[in-house]
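Text of the file protein_20.cif, holding mmCIF, C-alpha atoms:
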```
data_query
#
loop_
_atom_site.label_atom_id
_atom_site.label_comp_id
_atom_site.auth_asym_id
_atom_site.auth_seq_id
_atom_site.Cartn_x
_atom_site.Cartn_y
_atom_site.Cartn_z
CA MET A 20 -12.66 6.06 16.53
CA THR A 21 -13.71 9.58 15.61
CA ALA A 22 -17.14 10.10 14.05
CA TRP A 23 -16.81 12.66 11.27
CA PRO A 24 -19.75 14.99 10.62
CA CYS A 25 -21.60 14.32 7.37
CA LEU A 26 -21.28 17.40 5.14
CA VAL A 27 -24.26 16.47 2.91
CA LEU A 28 -27.17 15.68 5.20
CA PRO A 29 -29.87 13.24 3.99
CA GLN A 30 -32.65 15.74 4.76
CA TRP A 31 -31.11 18.10 2.16
CA CYS A 32 -31.41 15.40 -0.53
CA GLN A 33 -34.88 15.78 -2.07
CA THR A 34 -34.27 15.42 -5.84
CA LYS A 35 -34.86 12.00 -7.41
CA ILE A 36 -32.01 10.78 -9.60
CA SER A 37 -31.02 7.61 -11.45
CA LEU A 38 -27.39 6.99 -12.31
CA GLU A 39 -25.56 4.43 -14.45
CA LEU A 40 -21.88 4.69 -13.61
CA GLU A 41 -19.37 3.12 -16.00
CA ARG A 42 -16.83 0.59 -14.79
CA GLU A 43 -13.29 0.53 -16.09
CA GLY A 44 -11.94 -2.66 -17.61
CA VAL A 45 -13.41 -5.68 -19.37
CA SER A 46 -14.81 -9.06 -18.37
CA GLU A 47 -13.01 -12.37 -18.89
CA TYR A 48 -14.68 -12.53 -22.33
CA GLY A 49 -13.46 -9.07 -23.37
CA GLU A 50 -16.84 -7.40 -22.93
CA PRO A 51 -17.29 -4.10 -21.11
CA LEU A 52 -18.28 -4.56 -17.47
CA PRO A 53 -21.94 -3.77 -16.70
CA PRO A 54 -22.53 -0.31 -15.20
CA VAL A 55 -23.19 0.28 -11.53
CA GLU A 56 -26.76 1.50 -11.11
CA TYR A 57 -27.94 3.88 -8.40
CA SER A 58 -31.42 5.23 -7.86
CA GLY A 59 -32.26 7.52 -4.97
CA LYS A 60 -32.29 11.13 -3.87
CA CYS A 61 -29.61 13.78 -4.01
CA ASN A 62 -29.03 17.47 -3.36
CA TYR A 63 -29.11 18.77 -6.96
CA GLN A 64 -27.89 22.22 -7.93
CA ASP A 65 -28.47 23.53 -11.46
CA LYS A 66 -25.89 25.79 -12.98
CA ALA A 67 -25.05 26.98 -16.46
CA LYS A 68 -21.46 27.67 -17.39
CA THR A 69 -20.38 28.03 -20.98
CA VAL A 70 -16.72 27.68 -21.89
CA LEU A 71 -15.11 28.32 -25.25
CA THR A 72 -12.43 25.68 -25.91
CA ALA A 73 -9.48 25.85 -28.32
CA GLU A 74 -11.59 24.09 -30.98
CA LYS A 75 -14.32 26.75 -30.59
CA LYS A 76 -16.57 24.17 -28.97
CA LEU A 77 -18.97 25.14 -26.20
CA VAL A 78 -19.13 22.97 -23.11
CA GLU A 79 -21.97 23.51 -20.67
CA ILE A 80 -21.86 22.11 -17.14
CA THR A 81 -25.48 21.90 -16.12
CA GLY A 82 -25.58 20.51 -12.63
CA THR A 83 -24.03 19.07 -9.52
CA ALA A 84 -25.49 16.14 -7.60
CA LEU A 85 -24.38 15.64 -3.99
CA PHE A 86 -24.98 12.39 -2.07
CA PRO A 87 -24.27 11.58 1.58
CA GLY A 88 -21.68 8.81 1.89
CA ASP A 89 -20.38 6.55 -0.89
CA ILE A 90 -23.06 5.73 -3.49
CA CYS A 91 -20.83 3.21 -5.30
CA PRO A 92 -18.37 1.53 -2.92
CA GLU A 93 -17.54 -1.08 -5.60
CA LEU A 94 -15.94 1.66 -7.75
CA PRO A 95 -12.68 3.28 -6.63
CA VAL A 96 -13.50 6.41 -8.69
CA VAL A 97 -16.50 7.81 -10.58
CA SER A 98 -15.27 8.51 -14.09
CA GLY A 99 -18.29 8.50 -16.40
CA GLY A 100 -21.82 7.39 -17.06
CA SER A 101 -25.28 8.82 -17.45
CA ALA A 102 -27.99 10.27 -15.23
CA VAL A 103 -31.69 11.03 -15.36
CA VAL A 104 -32.71 13.99 -13.21
CA HIS A 105 -35.82 16.24 -13.48
CA GLY A 106 -36.91 14.06 -16.42
CA GLY A 107 -33.85 14.92 -18.52
CA SER A 108 -30.85 12.83 -19.48
CA ARG A 109 -27.40 14.09 -18.58
CA ARG A 110 -23.89 12.74 -19.00
CA VAL A 111 -21.54 12.28 -16.04
CA LEU A 112 -18.54 14.55 -16.56
CA GLN A 113 -16.68 13.61 -13.39
CA GLY A 114 -17.18 12.40 -9.88
CA THR A 115 -15.51 13.07 -6.56
CA LYS A 116 -15.47 10.96 -3.43
CA ALA A 117 -14.73 13.48 -0.67
CA ARG A 118 -12.86 11.59 2.04
CA ASN A 119 -12.54 12.07 5.78
CA PRO A 120 -9.04 12.06 7.32
CA ASP A 121 -9.51 8.37 8.22
CA GLY A 122 -10.13 7.44 4.54
CA THR A 123 -13.89 6.89 4.70
CA VAL A 124 -16.08 8.68 2.14
CA ASN A 125 -18.00 11.64 3.58
CA TYR A 126 -19.98 12.47 0.45
CA THR A 127 -20.03 11.82 -3.29
CA GLU A 128 -20.22 14.65 -5.82
CA VAL A 129 -21.18 14.04 -9.47
CA LEU A 130 -20.89 16.77 -12.12
CA LEU A 131 -23.39 16.45 -14.98
CA ILE A 132 -23.46 17.97 -18.45
#
```

Could you express the structure from this file as structure tokens?
Amino acid sequence: MTAWPCLVLPQWCQTKISLELEREGVSEYGEPLPPVEYSGKCNYQDKAKTVLTAEKKLVEITGTALFPGDICPELPVVSGGSAVVHGGSRRVLQGTKARNPDGTVNYTEVLLI
């Protein structure tokens, strides 16, 4: 078995973050499934990008959080949720589980707005 190098090293993760990641689907009673909660440290990069959409609406992507490994193995994909970072609330725009050639997750990336 080949050991793949971790591309987001734990020593680079110094920013405290709390995430609530939404689950898709409903319970047996028709209620939304409870979110997956994560609290820990990440490598957080602020950025400001403003885009003018067809409806003349501005969308600002404000940050990227990188985590070593898979922060939510119970979810096949990260599709939405909320985050608290640097004392501010952000919304999860999208998530990526970057995979190694053997299918294991190398790192998780979460884009916040």

- Can you give me, as a PyMOL selection string, the residues this file yields under the PyMOL selection byres ((chain A and resi 101) around 8)? chain A and resi 38-40+99-100+102-103+108-111

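Closest approach to Gly59 in chain A among A:Gly82, A:Pro24, A:Gly114, A:Pro29: A:Pro29, based on all atoms listed in the file.
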
Judged by only C-alpha atoms, the minimum distance to Arg42 in chain A among A:Leu94, A:Ile80, A:Leu112, A:Leu71 is found for A:Leu94

Contacts of Lys35 in chain A within 10 Å, all atoms listed in the file, excl. fewer than 3 positions in-chain, as an NGL selection string
:A and (32 or 58-63 or 103-106)

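Residue selection for this entry, given the PyMOL selection byres ((chain A and resi 22) around 12), comprises A:Met20, A:Thr21, A:Trp23, A:Pro24, A:Cys25, A:Asn119, A:Pro120, A:Asp121, A:Thr123, A:Asn125.
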
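For the pair CA of Tyr126 in chain A and CA of Pro92 in chain A, the separation is 11.6 Å.
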
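Distances to Val124 in chain A were evaluated for A:Val55, A:Ile36, A:Val78, A:Leu26 using only C-alpha atoms, and the minimum falls at A:Leu26.
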
For range 46-59 of chain A, where the input has fewer atoms than it should, I would like N, CA and C atoms rebuilt and written as a tab-separated table (two decimals), in the coordinates of the input.
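Contents of the output file result.tsv:
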```
chain	number	residue	atom	x	y	z
A	46	SER	N	-14.57	-7.77	-19.00
A	46	SER	CA	-14.81	-9.06	-18.37
A	46	SER	C	-13.82	-10.08	-18.91
A	47	GLU	N	-13.91	-11.31	-18.42
A	47	GLU	CA	-13.01	-12.37	-18.89
A	47	GLU	C	-13.24	-12.71	-20.36
A	48	TYR	N	-14.37	-12.29	-20.91
A	48	TYR	CA	-14.68	-12.53	-22.33
A	48	TYR	C	-14.39	-11.31	-23.19
A	49	GLY	N	-13.80	-10.26	-22.61
A	49	GLY	CA	-13.46	-9.07	-23.37
A	49	GLY	C	-14.59	-8.08	-23.53
A	50	GLU	N	-15.70	-8.31	-22.85
A	50	GLU	CA	-16.84	-7.40	-22.93
A	50	GLU	C	-16.72	-6.31	-21.87
A	51	PRO	N	-17.29	-5.14	-22.15
A	51	PRO	CA	-17.29	-4.10	-21.11
A	51	PRO	C	-18.06	-4.58	-19.88
A	52	LEU	N	-17.60	-4.19	-18.71
A	52	LEU	CA	-18.28	-4.56	-17.47
A	52	LEU	C	-19.62	-3.83	-17.38
A	53	PRO	N	-20.65	-4.46	-16.81
A	53	PRO	CA	-21.94	-3.77	-16.70
A	53	PRO	C	-21.82	-2.56	-15.77
A	54	PRO	N	-22.62	-1.52	-16.04
A	54	PRO	CA	-22.53	-0.31	-15.20
A	54	PRO	C	-23.08	-0.55	-13.80
A	55	VAL	N	-22.64	0.28	-12.88
A	55	VAL	CA	-23.19	0.28	-11.53
A	55	VAL	C	-24.39	1.21	-11.55
A	56	GLU	N	-25.54	0.71	-11.09
A	56	GLU	CA	-26.76	1.50	-11.11
A	56	GLU	C	-27.08	2.02	-9.71
A	57	TYR	N	-27.54	3.26	-9.66
A	57	TYR	CA	-27.94	3.88	-8.40
A	57	TYR	C	-29.23	4.63	-8.66
A	58	SER	N	-30.18	4.48	-7.78
A	58	SER	CA	-31.42	5.23	-7.86
A	58	SER	C	-31.76	5.70	-6.46
A	59	GLY	N	-31.97	6.98	-6.30
A	59	GLY	CA	-32.26	7.52	-4.97
A	59	GLY	C	-32.46	9.01	-5.05
```
